[in-house]
>>> print(open('data_38.cif').read())   # mmCIF, C-alpha atoms and all ligand atoms
data_entry
#
loop_
_atom_site.label_atom_id
_atom_site.label_comp_id
_atom_site.auth_asym_id
_atom_site.auth_seq_id
_atom_site.Cartn_x
_atom_site.Cartn_y
_atom_site.Cartn_z
CA MET A 1 0.00 0.00 0.00
CA LYS A 2 1.18 3.47 -0.85
CA ALA A 3 -0.10 6.54 0.99
CA LEU A 4 0.04 10.26 0.30
CA VAL A 5 -0.30 12.40 3.42
CA THR A 6 -1.12 16.07 2.80
CA ALA A 7 -2.63 16.70 6.26
CA PRO A 8 -0.32 17.75 9.11
CA PHE A 9 0.80 14.47 10.73
CA THR A 10 3.27 13.54 13.46
CA GLU A 11 6.56 11.89 12.60
CA ALA A 12 5.75 9.11 15.10
CA CYS A 13 2.52 8.21 13.30
CA LEU A 14 4.11 8.42 9.84
CA ASN A 15 6.68 5.91 11.12
CA GLU A 16 3.96 3.73 12.66
CA LEU A 17 2.31 3.51 9.24
CA ARG A 18 5.67 2.66 7.64
CA GLU A 19 6.17 -0.10 10.21
CA ALA A 20 2.72 -1.42 9.27
CA GLY A 21 4.02 -1.85 5.71
CA VAL A 22 2.69 1.36 4.14
CA GLU A 23 4.97 3.29 1.82
CA VAL A 24 4.33 6.84 3.03
CA GLU A 25 4.95 10.13 1.25
CA TYR A 26 4.49 13.15 3.48
CA ARG A 27 3.69 16.44 1.77
CA SER A 28 1.83 18.52 4.33
CA TRP A 29 -0.08 21.45 2.82
CA ARG A 30 1.57 23.62 5.46
CA ASP A 31 4.95 22.93 3.85
CA THR A 32 3.92 22.84 0.18
CA GLY A 33 1.41 25.72 0.45
CA LYS A 34 -0.89 23.75 -1.88
CA LEU A 35 -4.58 23.15 -1.46
CA HIS A 36 -5.97 20.79 -4.12
CA LEU A 37 -9.45 21.81 -5.19
CA GLY A 38 -11.75 20.50 -7.90
CA ASP A 39 -10.17 17.56 -9.71
CA SER A 40 -6.53 18.56 -9.17
CA MET A 41 -5.91 15.57 -6.87
CA LEU A 42 -6.75 13.29 -9.80
CA GLU A 43 -3.37 13.81 -11.42
CA VAL A 44 -1.46 13.75 -8.12
CA ILE A 45 -3.01 10.44 -7.04
CA SER A 46 -2.76 8.81 -10.48
CA GLN A 47 0.87 9.84 -10.99
CA GLY A 48 1.89 8.60 -7.53
CA ASP A 49 -0.25 5.47 -7.83
CA TYR A 50 -1.49 5.96 -4.26
CA ASP A 51 -3.87 3.54 -2.52
CA ILE A 52 -4.51 5.74 0.50
CA VAL A 53 -4.80 9.52 0.92
CA ILE A 54 -4.75 11.37 4.24
CA VAL A 55 -5.97 14.92 3.66
CA GLU A 56 -7.23 17.96 5.50
CA GLY A 57 -8.83 20.43 3.05
CA ASP A 58 -7.91 18.81 -0.29
CA GLU A 59 -11.00 17.89 -2.26
CA ILE A 60 -11.63 14.24 -3.06
CA LYS A 61 -14.87 14.52 -4.95
CA GLU A 62 -16.61 12.21 -7.43
CA GLU A 63 -14.26 12.82 -10.38
CA VAL A 64 -11.18 12.05 -8.30
CA ILE A 65 -12.78 8.94 -6.80
CA GLN A 66 -13.94 7.68 -10.19
CA GLY A 67 -10.65 8.40 -11.90
CA THR A 68 -8.31 6.75 -9.38
CA ASP A 69 -7.84 3.42 -7.69
CA LEU A 70 -7.99 4.53 -4.05
CA LYS A 71 -8.57 1.83 -1.41
CA LEU A 72 -9.07 4.15 1.56
CA ILE A 73 -9.71 7.87 2.07
CA ALA A 74 -8.75 9.42 5.40
CA CYS A 75 -9.56 13.01 6.35
CA VAL A 76 -8.54 14.69 9.58
CA ARG A 77 -11.73 16.79 9.63
CA GLY A 78 -14.57 15.51 11.77
CA GLY A 79 -17.23 16.36 9.19
CA PRO A 80 -15.28 16.26 5.91
CA ASN A 81 -17.36 18.19 3.38
CA ASN A 82 -14.36 18.12 1.03
CA ILE A 83 -14.85 14.37 0.48
CA SER A 84 -17.69 12.93 -1.56
CA ILE A 85 -18.71 10.17 0.81
CA GLU A 86 -21.53 9.21 -1.53
CA ALA A 87 -19.16 8.61 -4.46
CA ALA A 88 -16.72 6.72 -2.20
CA THR A 89 -19.54 4.54 -0.88
CA LYS A 90 -20.77 3.76 -4.39
CA LYS A 91 -17.28 2.55 -5.24
CA GLY A 92 -16.94 0.63 -1.95
CA ILE A 93 -14.13 2.82 -0.59
CA PRO A 94 -14.09 3.37 3.19
CA VAL A 95 -13.80 6.97 4.41
CA VAL A 96 -12.39 7.55 7.88
CA SER A 97 -12.15 10.82 9.81
CA ALA A 98 -11.01 12.21 13.17
CA PRO A 99 -14.08 13.62 14.93
CA GLY A 100 -13.44 15.74 17.99
CA ARG A 101 -9.74 16.15 17.14
CA ASN A 102 -9.90 19.89 17.86
CA THR A 103 -12.76 20.19 20.36
CA THR A 104 -10.50 21.06 23.31
CA ALA A 105 -8.47 23.50 21.21
CA VAL A 106 -11.55 25.43 20.03
CA ALA A 107 -13.08 25.43 23.52
CA GLU A 108 -9.86 26.85 24.97
CA LEU A 109 -9.60 29.50 22.23
CA THR A 110 -13.21 30.47 22.97
CA ILE A 111 -12.39 30.98 26.65
CA SER A 112 -9.32 33.01 25.62
CA LEU A 113 -11.45 35.23 23.37
CA ILE A 114 -14.10 35.70 26.06
CA LEU A 115 -11.50 36.80 28.61
CA SER A 116 -9.49 38.86 26.16
CA THR A 117 -12.59 40.69 24.90
CA ALA A 118 -14.06 41.23 28.36
CA ARG A 119 -10.75 42.64 29.63
CA ARG A 120 -9.99 44.55 26.40
CA LEU A 121 -6.59 42.97 25.99
CA THR A 122 -6.45 43.69 22.27
CA ARG A 123 -7.13 47.39 22.77
CA ALA A 124 -4.60 47.63 25.60
CA ASP A 125 -1.94 45.83 23.58
CA ARG A 126 -2.59 47.79 20.38
CA LEU A 127 -2.43 51.11 22.24
CA LEU A 128 1.06 50.27 23.40
CA VAL A 129 2.29 48.56 20.24
CA ARG A 130 1.15 51.40 17.97
CA ASP A 131 3.20 53.77 20.08
CA GLU A 132 0.21 56.09 20.23
CA PHE A 133 -0.04 56.26 23.93
CA MET A 134 2.82 57.90 25.80
CA VAL A 135 2.26 58.12 29.51
CA ASP A 136 3.86 61.37 30.68
CA ASP A 137 1.71 62.00 33.71
CA PHE A 138 -1.15 60.59 35.76
CA GLY A 139 -3.68 62.24 33.42
CA ASP A 140 -2.40 60.02 30.58
CA PHE A 141 -2.33 57.01 32.88
CA GLY A 142 -5.94 57.69 33.92
CA ARG A 143 -7.05 57.93 30.29
CA LEU A 144 -5.22 54.68 29.50
CA HIS A 145 -7.13 52.97 32.29
CA GLU A 146 -10.43 54.55 31.30
CA SER A 147 -10.11 53.44 27.66
CA THR A 148 -9.27 49.86 28.58
CA ILE A 149 -11.80 49.29 31.34
CA GLY A 150 -13.24 45.76 31.19
CA PHE A 151 -15.65 43.58 33.08
CA GLU A 152 -15.38 40.50 35.27
CA LEU A 153 -17.09 37.27 34.33
CA SER A 154 -18.04 36.41 37.86
CA GLY A 155 -21.77 36.86 38.41
CA LYS A 156 -22.46 37.49 34.71
CA THR A 157 -24.68 35.58 32.27
CA VAL A 158 -23.12 33.70 29.38
CA GLY A 159 -25.35 32.57 26.52
CA ILE A 160 -24.20 29.53 24.57
CA ILE A 161 -25.76 29.00 21.16
CA GLY A 162 -25.29 25.30 20.36
CA LEU A 163 -24.35 22.88 23.14
CA GLY A 164 -22.60 20.26 20.99
CA GLN A 165 -19.08 18.94 21.45
CA ILE A 166 -17.40 22.36 21.59
CA GLY A 167 -20.27 24.22 23.29
CA LEU A 168 -20.26 21.63 26.08
CA GLU A 169 -16.49 21.92 26.64
CA VAL A 170 -16.84 25.71 26.72
CA ALA A 171 -19.66 25.39 29.27
CA LYS A 172 -17.59 23.05 31.48
CA ARG A 173 -14.72 25.53 31.56
CA LEU A 174 -17.04 28.48 32.23
CA CYS A 175 -18.36 26.75 35.35
CA ALA A 176 -15.07 27.74 37.01
CA PHE A 177 -15.89 31.43 36.47
CA ASP A 178 -19.05 31.50 38.57
CA VAL A 179 -21.37 32.52 35.75
CA ARG A 180 -25.03 31.80 34.94
CA LEU A 181 -25.25 29.70 31.78
CA LEU A 182 -28.09 30.02 29.28
CA VAL A 183 -28.26 27.66 26.31
CA TYR A 184 -30.14 27.97 23.04
CA ASP A 185 -30.09 24.61 21.26
CA PRO A 186 -33.42 23.13 20.15
CA TYR A 187 -31.80 19.71 19.81
CA VAL A 188 -29.99 19.42 23.13
CA ALA A 189 -30.86 16.73 25.68
CA GLU A 190 -31.96 17.79 29.14
CA ASP A 191 -29.21 15.80 30.91
CA LYS A 192 -26.53 17.65 28.94
CA LEU A 193 -27.87 20.98 30.19
CA LYS A 194 -28.01 19.60 33.72
CA SER A 195 -24.42 18.34 33.57
CA VAL A 196 -23.17 21.93 33.39
CA GLY A 197 -25.94 23.55 35.42
CA ALA A 198 -27.23 25.46 32.37
CA THR A 199 -30.74 26.75 31.75
CA GLU A 200 -32.47 26.25 28.42
CA SER A 201 -33.48 29.48 26.74
CA GLY A 202 -35.12 30.86 23.64
CA LEU A 203 -32.75 32.70 21.31
CA ASP A 204 -34.29 36.15 21.91
CA ASP A 205 -34.20 35.79 25.70
CA LEU A 206 -30.62 34.55 25.59
CA LEU A 207 -29.54 37.55 23.48
CA GLN A 208 -31.38 40.02 25.72
CA GLU A 209 -30.05 38.62 28.99
CA SER A 210 -26.46 37.59 28.23
CA ASP A 211 -23.33 39.60 28.94
CA VAL A 212 -21.38 37.19 26.74
CA VAL A 213 -22.86 35.37 23.75
CA THR A 214 -20.79 32.54 22.27
CA ILE A 215 -21.73 30.66 19.09
CA HIS A 216 -21.09 26.92 18.58
CA VAL A 217 -23.56 25.75 15.94
CA PRO A 218 -22.72 24.08 12.62
CA ALA A 219 -23.03 25.91 9.30
CA THR A 220 -26.37 24.70 7.94
CA GLU A 221 -29.23 26.25 6.02
CA GLU A 222 -31.02 26.58 9.35
CA THR A 223 -28.19 28.44 11.08
CA ARG A 224 -27.36 30.72 8.12
CA GLY A 225 -27.87 34.30 9.30
CA LEU A 226 -29.19 33.09 12.68
CA LEU A 227 -27.66 36.21 14.22
CA SER A 228 -29.28 38.71 11.87
CA ALA A 229 -29.22 42.50 12.32
CA GLU A 230 -32.50 42.20 14.17
CA LYS A 231 -31.19 39.53 16.56
CA LEU A 232 -27.93 41.43 17.14
CA GLY A 233 -30.13 44.40 18.02
CA LEU A 234 -31.48 42.45 20.98
CA MET A 235 -28.07 42.24 22.66
CA LYS A 236 -27.18 44.58 25.52
CA GLU A 237 -24.89 47.51 24.75
CA THR A 238 -22.44 46.17 27.31
CA SER A 239 -22.39 42.63 25.93
CA ILE A 240 -19.80 40.88 23.79
CA LEU A 241 -20.10 38.29 21.03
CA ILE A 242 -17.70 35.42 20.42
CA ASN A 243 -17.77 33.40 17.20
CA THR A 244 -15.46 30.42 16.76
CA SER A 245 -18.02 28.43 14.74
CA ARG A 246 -18.68 29.66 11.20
CA ALA A 247 -19.09 33.16 9.76
CA SER A 248 -22.33 32.26 7.95
CA VAL A 249 -24.13 32.10 11.31
CA THR A 250 -23.93 35.88 11.69
CA ASP A 251 -24.86 38.71 9.34
CA GLU A 252 -21.26 39.89 9.08
CA ASP A 253 -22.09 43.39 7.79
CA ALA A 254 -24.62 43.93 10.56
CA LEU A 255 -22.10 42.68 13.11
CA PHE A 256 -19.48 45.10 11.82
CA GLU A 257 -21.95 48.00 12.10
CA ALA A 258 -23.05 46.93 15.59
CA LEU A 259 -19.42 46.92 16.73
CA LYS A 260 -18.43 50.12 14.96
CA SER A 261 -21.39 52.04 16.36
CA LYS A 262 -20.79 50.46 19.82
CA ARG A 263 -24.30 48.99 19.66
CA ILE A 264 -22.55 46.06 21.33
CA ALA A 265 -19.36 46.37 23.36
CA GLY A 266 -17.00 43.98 21.61
CA ALA A 267 -16.35 40.73 19.80
CA GLY A 268 -13.83 37.93 19.56
CA LEU A 269 -13.92 36.41 16.07
CA ASP A 270 -12.05 33.42 14.65
CA VAL A 271 -14.18 32.93 11.53
CA PHE A 272 -14.95 35.23 8.62
CA THR A 273 -16.76 35.24 5.29
CA MET A 274 -13.47 35.86 3.47
CA GLU A 275 -10.78 33.44 4.55
CA PRO A 276 -7.82 33.07 4.86
CA VAL A 277 -7.79 36.29 6.87
CA ASP A 278 -5.03 38.80 6.28
CA CYS A 279 -4.28 42.38 7.27
CA ASP A 280 -7.11 43.64 5.02
CA ASN A 281 -9.78 42.17 7.29
CA ILE A 282 -12.19 45.02 8.07
CA PHE A 283 -12.67 44.01 11.70
CA LEU A 284 -9.02 44.93 12.30
CA GLU A 285 -10.10 48.59 12.08
CA LEU A 286 -12.04 48.18 15.29
CA ASP A 287 -10.39 48.39 18.68
CA ASN A 288 -13.24 46.49 20.35
CA VAL A 289 -12.62 43.33 18.31
CA THR A 290 -10.06 40.58 18.66
CA VAL A 291 -9.43 38.92 15.31
CA THR A 292 -7.83 35.48 15.02
CA PRO A 293 -7.27 33.87 11.62
CA HIS A 294 -9.29 30.65 12.02
CA ILE A 295 -6.84 29.16 14.51
CA GLY A 296 -9.48 27.49 16.69
CA GLY A 297 -8.05 24.02 16.20
CA ASN A 298 -4.46 25.02 15.69
CA THR A 299 -2.62 23.23 18.49
CA ARG A 300 0.09 20.61 18.58
CA GLU A 301 -2.33 18.36 20.44
CA THR A 302 -4.86 18.53 17.57
CA ILE A 303 -2.18 17.28 15.16
CA GLU A 304 -1.20 14.53 17.60
CA ARG A 305 -4.83 13.50 18.07
CA GLN A 306 -5.70 13.44 14.35
CA SER A 307 -2.50 11.50 13.55
CA GLU A 308 -3.18 8.91 16.24
CA MET A 309 -6.88 8.49 15.41
CA LEU A 310 -6.29 8.03 11.69
CA THR A 311 -3.23 5.79 12.13
CA LYS A 312 -5.26 3.50 14.36
CA ASP A 313 -8.08 3.34 11.83
CA ILE A 314 -5.78 2.80 8.85
CA LYS A 315 -4.06 -0.04 10.70
CA ALA A 316 -7.45 -1.53 11.54
CA PHE A 317 -8.39 -1.37 7.85
CA LEU A 318 -5.10 -3.02 6.83
CA ASN A 319 -5.76 -5.79 9.37
CA GLY A 320 -9.24 -6.41 8.01
CA GLU A 321 -10.88 -4.92 11.11
CA LYS A 322 -13.55 -2.23 11.30
CA PRO A 323 -12.08 1.26 11.67
CA LEU A 324 -13.56 3.11 14.67
CA HIS A 325 -14.31 6.35 12.84
CA ILE A 326 -15.61 5.09 9.54
CA LEU A 327 -18.19 7.37 7.90
CA ASN A 328 -19.62 4.78 5.50
CA PRO A 329 -19.57 1.45 7.38
CA GLU A 330 -21.90 -0.06 4.79
CA VAL A 331 -18.93 -0.54 2.44
CA LEU A 332 -17.52 -3.13 4.87
CA LYS A 333 -20.52 -5.44 4.56
CA GLY A 334 -19.41 -8.83 3.46
P1 LIG B 401 -21.54 19.71 17.10
O1 LIG B 401 -22.25 19.15 15.92
O2 LIG B 401 -20.97 18.77 18.10
O3 LIG B 401 -22.52 20.70 17.89
C1 LIG B 401 -23.37 21.61 17.27
C2 LIG B 401 -24.53 21.89 18.21
O4 LIG B 401 -25.35 22.88 17.58
C3 LIG B 401 -25.43 20.67 18.47
O5 LIG B 401 -25.68 20.53 19.86
C4 LIG B 401 -26.72 21.01 17.72
O6 LIG B 401 -27.88 20.48 18.38
C5 LIG B 401 -26.70 22.52 17.77
N1 LIG B 401 -27.53 23.11 16.72
C6 LIG B 401 -27.70 22.67 15.45
N2 LIG B 401 -28.54 23.49 14.79
C7 LIG B 401 -28.89 24.46 15.67
C8 LIG B 401 -29.72 25.60 15.57
N3 LIG B 401 -30.38 25.90 14.45
N4 LIG B 401 -29.85 26.39 16.66
C9 LIG B 401 -29.18 26.11 17.81
N5 LIG B 401 -28.40 25.03 17.97
C10 LIG B 401 -28.25 24.22 16.90
O7 LIG B 401 -20.44 20.68 16.50
P2 LIG B 401 -19.06 21.11 17.20
O8 LIG B 401 -18.01 20.10 16.90
O9 LIG B 401 -19.33 21.49 18.62
O10 LIG B 401 -18.70 22.40 16.32
C11 LIG B 401 -19.38 23.62 16.53
C12 LIG B 401 -18.94 24.64 15.48
O11 LIG B 401 -17.53 24.89 15.60
C13 LIG B 401 -19.15 24.20 14.02
O12 LIG B 401 -19.62 25.31 13.27
C14 LIG B 401 -17.75 23.86 13.54
O13 LIG B 401 -17.63 24.07 12.15
C15 LIG B 401 -16.95 24.91 14.32
N6 LIG B 401 -15.50 24.60 14.42
C16 LIG B 401 -14.64 25.65 14.32
C17 LIG B 401 -13.27 25.42 14.42
C18 LIG B 401 -12.31 26.57 14.35
O14 LIG B 401 -11.15 26.34 14.01
N7 LIG B 401 -12.71 27.79 14.66
C19 LIG B 401 -12.80 24.11 14.61
C20 LIG B 401 -13.71 23.07 14.76
C21 LIG B 401 -15.08 23.32 14.67
#
>>> encode(input="data_38.cif", output="structure tokens")
Amino acid sequence: MKALVTAPFTEACLNELREAGVEVEYRSWRDTGKLHLGDSMLEVISQGDYDIVIVEGDEIKEEVIQGTDLKLIACVRGGPNNISIEAATKKGIPVVSAPGRNTTAVAELTISLILSTARRLTRADRLLVRDEFMVDDFGDFGRLHESTIGFELSGKTVGIIGLGQIGLEVAKRLCAFDVRLLVYDPYVAEDKLKSVGATESGLDDLLQESDVVTIHVPATEETRGLLSAEKLGLMKETSILINTSRASVTDEDALFEALKSKRIAGAGLDVFTMEPVDCDNIFLELDNVTVTPHIGGNTRETIERQSEMLTKDIKAFLNGEKPLHILNPEVLKG
């Protein structure tokens, strides 16, 4: 078996695959700077005569599946919308993924953004870095303090929109901050809410009552524009919004206006309509926003976890066993 690995992978797991008899070529997109979209993987896979691919964002859609002789497709994403699972299933090719690989990382980034936005760390840091604020006397020092005044989480209300894998981990961590938790998630089970002492809420009530609103829903037709201009208008002037889920959940223009006009106090944003984010991102104009370039899952531990999960499943496949995280188990029948 010959495998092409374009997802970030640990050396230890690459070696584990080699020891299992796989001839491995490692070309992480982070090193090559290449993202294969459309049918561009067709040529790469055919030329290399690969049996297995391990990808992150590279597209393995119907044309690629039809035009190659892949035996297994592995994707580090939990919900890999860059793979045509339907086409793979039709051709009897197993697709494995690494669900939950970055749950802890995104939950921890969310907590970082909540704290950093509440305490205005970005504004404080930018004031000093831009060399705009010289402190010559106590008048300057007073103004510095006045323009960076924040709020404590203790005793406040945090509204979580979507109590799935990440929302739940965020909620668990917030318990340590002595906050009241409201949750809007029409699909959440009662015992999940109970496990973190959260109260179920309607979306409007959550937006009206929360000091911090944090979004953790998937990008679906139902969640598109969930936080419209009208809904953002329900938030308190003192409240902050955190989005580490997907940009499509908010009306981005309305959010920009709400932040610019100080209709809401601040935001911590990891996801944007236009990505990858660079220095042209419009939110960078605003001192009440912390912008991170979609780094929610970007930790060493995420790479370790995805490498270990996929290596285990590929080895299971090679041994004729059922991989744990197979997305189309029906192909294994018989
Ligand atoms: P999940 O599927 O485990 O949880 C989603 C939750 O949202 C579920 O509890 C579901 O019931 C709820 N939900 C679905 N539709 C809803 C609706 N209309 N209103 C309210 N709640 C609704 O997903 P997850 O793994 O926790 O991921 C959450 C989000 O984080 C996703 O958008 C995912 O793409 C994003 N994400 C971002 C990064 C990053 O790097 N920033 C990394 C991983 C995941």
>>> residues_near_point(input="data_38.cif", point="(-13.4, 18.1, 16.2)", cutoff="9 Å", atoms="all atoms listed in the file", output="PyMOL selection string")
chain A and resi 76-79+98-106+165-166+297+302
>>> residues_near_ligand(input="data_38.cif", ligand="ligand LIG 401 (chain B)", cutoff="6 Å", atoms="only C-alpha atoms and all ligand atoms", output="VMD selection string")
chain A and resid 102 106 161 to 167 184 to 188 216 to 219 222 to 223 244 to 246 270 294 to 297
>>> residues_around(input="data_38.cif", residues="Glu257 in chain A", least_positions_apart="6", cutoff="10 Å", atoms="only C-alpha atoms", output="list in words")
Ala229, Arg263 and Ile264 of chain A
>>> closest_residue(input="data_38.cif", among="A:Gly197, A:Gly233, A:Gly92, A:Pro293", to="Leu269 in chain A", atoms="all atoms listed in the file")
A:Pro293
>>> residues_around(input="data_38.cif", residues="range 19-33 of chain A", least_positions_apart="6", cutoff="6 Å", atoms="all atoms listed in the file", output="ChimeraX atom specification")
/A:1-8
>>> closest_residue(input="data_38.cif", among="A:Lys91, A:Lys260, A:Lys156, A:Lys315", to="Cys175 in chain A", atoms="all atoms listed in the file")
A:Lys156
>>> closest_atom_pairs(input="data_38.cif", of="range 98-133 of chain A", to="range 150-153 of chain A", cutoff="10 Å", atoms="all atoms listed in the file", output="Markdown table")
| residue | atom | partner | partner_atom | distance |
| --- | --- | --- | --- | --- |
| A:Ile114 | CA | A:Leu153 | CA | 8.9 |
| A:Leu115 | CA | A:Leu153 | CA | 8.0 |
| A:Ser116 | CA | A:Gly150 | CA | 9.3 |
| A:Thr117 | CA | A:Gly150 | CA | 8.1 |
| A:Ala118 | CA | A:Gly150 | CA | 5.4 |
| A:Arg119 | CA | A:Gly150 | CA | 4.3 |
| A:Arg120 | CA | A:Gly150 | CA | 5.9 |
| A:Leu121 | CA | A:Gly150 | CA | 8.9 |
>>> closest_residue(input="data_38.cif", among="A:Ser195, A:Thr110, A:Ser228, A:Ser84", to="Ile160 in chain A", atoms="only C-alpha atoms")
A:Thr110
>>> atom_distance(input="data_38.cif", atom1="CA of Pro94 in chain A", atom2="CA of Ser46 in chain A")
18.6 Å
>>> closest_residue(input="data_38.cif", among="A:Leu227, A:Leu207, A:Leu144, A:Met235", to="Thr250 in chain A", atoms="all atoms listed in the file")
A:Leu227
>>> atom_distance(input="data_38.cif", atom1="CA of Gln66 in chain A", atom2="CA of Ile314 in chain A")
21.3 Å
>>> closest_residue(input="data_38.cif", among="A:Pro276, A:Gly139, A:Pro80, A:Gly320", to="Gly57 in chain A", atoms="all atoms listed in the file")
A:Pro80
>>> closest_residue(input="data_38.cif", among="A:Ala254, A:Ala88, A:Ala267, A:Val249", to="Val212 in chain A", atoms="all atoms listed in the file")
A:Ala267
>>> atom_distance(input="data_38.cif", atom1="CA of Leu37 in chain A", atom2="CA of Glu59 in chain A")
5.1 Å
>>> residues_around(input="data_38.cif", residues="Met41 in chain A", least_positions_apart="5", cutoff="8 Å", atoms="all atoms listed in the file", output="number ranges by chain")
A: 36, 58-60, 64
>>> decode(input="data_38.cif", residues="range 308-315 of chain A", atoms="all heavy atoms", output="CSV table (one decimal), in the first residue's frame")
chain,number,residue,atom,x,y,z
A,308,GLU,N,-3.0,10.2,15.5
A,308,GLU,CA,-3.2,8.9,16.2
A,308,GLU,C,-4.5,8.2,15.9
A,308,GLU,O,-4.6,7.0,15.6
A,308,GLU,CB,-3.1,9.2,17.8
A,308,GLU,CG,-1.7,9.3,18.2
A,308,GLU,CD,-1.6,10.0,19.6
A,308,GLU,OE1,-2.6,10.1,20.3
A,308,GLU,OE2,-0.5,10.5,19.9
A,309,MET,N,-5.6,9.1,15.7
A,309,MET,CA,-6.9,8.5,15.4
A,309,MET,C,-6.9,7.8,14.0
A,309,MET,O,-7.3,6.7,13.8
A,309,MET,CB,-8.0,9.6,15.5
A,309,MET,CG,-8.3,10.1,16.9
A,309,MET,SD,-9.3,11.6,16.9
A,309,MET,CE,-10.9,10.9,16.7
A,310,LEU,N,-6.3,8.6,13.1
A,310,LEU,CA,-6.3,8.0,11.7
A,310,LEU,C,-5.3,6.9,11.5
A,310,LEU,O,-5.6,5.9,10.8
A,310,LEU,CB,-6.0,9.1,10.7
A,310,LEU,CG,-7.1,10.2,10.5
A,310,LEU,CD1,-6.7,11.2,9.4
A,310,LEU,CD2,-8.4,9.6,10.2
A,311,THR,N,-4.2,6.9,12.2
A,311,THR,CA,-3.2,5.8,12.1
A,311,THR,C,-3.9,4.5,12.7
A,311,THR,O,-3.8,3.4,12.1
A,311,THR,CB,-2.0,6.1,12.9
A,311,THR,OG1,-1.4,7.3,12.3
A,311,THR,CG2,-0.9,5.0,12.9
A,312,LYS,N,-4.6,4.7,13.8
A,312,LYS,CA,-5.3,3.5,14.4
A,312,LYS,C,-6.3,2.9,13.4
A,312,LYS,O,-6.3,1.7,13.2
A,312,LYS,CB,-6.0,4.0,15.6
A,312,LYS,CG,-6.0,3.0,16.7
A,312,LYS,CD,-6.5,3.6,18.0
A,312,LYS,CE,-6.7,2.6,19.0
A,312,LYS,NZ,-7.3,3.1,20.2
A,313,ASP,N,-7.0,3.8,12.7
A,313,ASP,CA,-8.1,3.3,11.8
A,313,ASP,C,-7.5,2.8,10.5
A,313,ASP,O,-8.0,1.8,10.0
A,313,ASP,CB,-9.1,4.5,11.5
A,313,ASP,CG,-10.2,4.5,12.5
A,313,ASP,OD1,-10.3,3.6,13.4
A,313,ASP,OD2,-11.1,5.4,12.5
A,314,ILE,N,-6.4,3.3,10.1
A,314,ILE,CA,-5.8,2.8,8.8
A,314,ILE,C,-5.2,1.4,9.1
A,314,ILE,O,-5.4,0.5,8.4
A,314,ILE,CB,-4.7,3.8,8.3
A,314,ILE,CG1,-5.4,5.1,7.8
A,314,ILE,CG2,-3.9,3.1,7.2
A,314,ILE,CD1,-4.4,6.2,7.5
A,315,LYS,N,-4.6,1.3,10.3
A,315,LYS,CA,-4.1,0.0,10.7
A,315,LYS,C,-5.2,-1.1,10.8
A,315,LYS,O,-5.0,-2.2,10.4
A,315,LYS,CB,-3.2,0.1,12.0
A,315,LYS,CG,-1.9,0.7,11.7
A,315,LYS,CD,-1.1,1.0,12.9
A,315,LYS,CE,-0.5,-0.2,13.6
A,315,LYS,NZ,0.2,0.2,14.8
